[in-house]
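Presented below is the structure to which this report refers.
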Amino acid sequence: KGAQQLSAEEREKLANDPLNLLAVDGPANQAKGDGDAATWLPSNKPFRCQYVARQIAVKRRYRLWVTSAEKDTMTQILSSCVG
């Protein structure tokens, strides 16, 4: 959310940032689409902590924002994480 406010160069960096890229199978990628944490989470529950932490790191790096629903979900996921 908010990438439309980035310059073309910043959007390209975001699109190619290794922190923002995860190797996944086709069906998982299609299921996620452009969903955020409020609408989609990995089916692998143990990976959700790492997934949400990465999302937050990317959003911080590129000054992107989160919706209240996304923030609530992220907070809930992270509250159950160890470490």
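Simple scheme: letters A, B, ... for chains in structure tokens order, numbers from 1 for residues in each chain, numbers from 1 for ligands in the order shown.
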
From a DSSP calculation on the backbone, collect every residue of segment 31-83 of chain A in alpha helix (DSSP H) and output the set as a short mmCIF file (atom, residue, chain, number, x, y, z; two decimals) with N, CA and C atoms, in the first residue's frame.
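File part31.cif, as written:
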data_model
loop_
_atom_site.label_atom_id
_atom_site.label_comp_id
_atom_site.auth_asym_id
_atom_site.auth_seq_id
_atom_site.Cartn_x
_atom_site.Cartn_y
_atom_site.Cartn_z
N ALA A 31 -3.07 -17.46 -5.33
CA ALA A 31 -3.99 -17.30 -4.20
C ALA A 31 -3.74 -15.97 -3.49
N LYS A 32 -2.47 -15.61 -3.34
CA LYS A 32 -2.14 -14.36 -2.66
C LYS A 32 -2.54 -13.16 -3.50
N ARG A 48 4.45 -17.93 9.25
CA ARG A 48 3.73 -16.66 9.29
C ARG A 48 4.47 -15.56 10.04
N CYS A 49 5.16 -15.90 11.11
CA CYS A 49 5.92 -14.89 11.86
C CYS A 49 6.98 -14.25 10.97
N GLN A 50 7.74 -15.08 10.29
CA GLN A 50 8.79 -14.58 9.41
C GLN A 50 8.18 -13.79 8.25
N TYR A 51 7.09 -14.27 7.70
CA TYR A 51 6.42 -13.61 6.59
C TYR A 51 5.96 -12.20 6.98
N VAL A 52 5.30 -12.09 8.10
CA VAL A 52 4.80 -10.79 8.55
C VAL A 52 5.96 -9.86 8.90
N ALA A 53 6.99 -10.38 9.55
CA ALA A 53 8.15 -9.56 9.88
C ALA A 53 8.81 -9.01 8.61
N ARG A 54 8.88 -9.83 7.58
CA ARG A 54 9.45 -9.37 6.30
C ARG A 54 8.58 -8.29 5.69
N GLN A 55 7.26 -8.49 5.74
CA GLN A 55 6.35 -7.47 5.19
C GLN A 55 6.57 -6.13 5.88
N ILE A 56 6.68 -6.17 7.18
CA ILE A 56 6.88 -4.93 7.95
C ILE A 56 8.22 -4.28 7.56
N ALA A 57 9.26 -5.09 7.41
CA ALA A 57 10.57 -4.55 7.03
C ALA A 57 10.51 -3.89 5.66
N VAL A 58 9.82 -4.51 4.72
CA VAL A 58 9.69 -3.94 3.38
C VAL A 58 8.88 -2.64 3.45
N LYS A 59 7.78 -2.67 4.17
CA LYS A 59 6.94 -1.46 4.27
C LYS A 59 7.72 -0.32 4.91
N ARG A 60 8.54 -0.65 5.89
CA ARG A 60 9.33 0.40 6.54
C ARG A 60 10.39 0.95 5.58
N ARG A 61 11.08 0.04 4.89
CA ARG A 61 12.15 0.45 3.97
C ARG A 61 11.63 1.40 2.88
N SER A 68 -5.82 -0.53 8.91
CA SER A 68 -6.04 -0.95 10.31
C SER A 68 -6.24 -2.45 10.40
N ALA A 69 -6.96 -3.03 9.44
CA ALA A 69 -7.17 -4.49 9.47
C ALA A 69 -5.86 -5.24 9.31
N GLU A 70 -4.99 -4.73 8.42
CA GLU A 70 -3.69 -5.35 8.22
C GLU A 70 -2.84 -5.23 9.49
N LYS A 71 -2.85 -4.06 10.11
CA LYS A 71 -2.09 -3.85 11.35
C LYS A 71 -2.59 -4.79 12.44
N ASP A 72 -3.91 -4.93 12.57
CA ASP A 72 -4.47 -5.83 13.59
C ASP A 72 -4.00 -7.26 13.37
N THR A 73 -4.03 -7.72 12.12
CA THR A 73 -3.60 -9.08 11.81
C THR A 73 -2.11 -9.24 12.09
N MET A 74 -1.31 -8.27 11.67
CA MET A 74 0.14 -8.34 11.90
C MET A 74 0.44 -8.39 13.40
N THR A 75 -0.25 -7.57 14.16
CA THR A 75 -0.05 -7.53 15.60
C THR A 75 -0.42 -8.88 16.22
N GLN A 76 -1.53 -9.44 15.79
CA GLN A 76 -1.97 -10.74 16.31
C GLN A 76 -0.95 -11.83 15.98
N ILE A 77 -0.48 -11.86 14.74
CA ILE A 77 0.51 -12.88 14.34
C ILE A 77 1.79 -12.71 15.15
N LEU A 78 2.30 -11.49 15.22
CA LEU A 78 3.58 -11.26 15.91
C LEU A 78 3.48 -11.52 17.41
N SER A 79 2.32 -11.34 17.99
CA SER A 79 2.18 -11.57 19.44
C SER A 79 2.33 -13.05 19.80
#

Notebook entry, point to check: In terms of the shortest atom-to-atom distance over only C-alpha atoms, which of A:Tyr62, A:Ala37, A:Phe47, A:Pro27 is closest to Lys13 of chain A?
Noted result: A:Tyr62

Check: Restricting the calculation to only C-alpha atoms, which member of A:Val66, A:Leu14, A:Leu19, A:Val24 is positioned closest to Asn44 of chain A?
Finding: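 Smallest separation from Asn44 of chain A among the options: A:Val24.
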
Next item on the list: Calculate how many Å separate atom CA of Thr39 of chain A from atom CA of Glu9 of chain A, rounding to one decimal.
Entry: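 Rounded to one decimal, the two atoms are 28.1 Å apart.
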
Margin query: Using Å and a single decimal, report how far atom CA of Pro42 of chain A sits from atom CA of Ser80 of chain A.
Written below: 15.3 Å
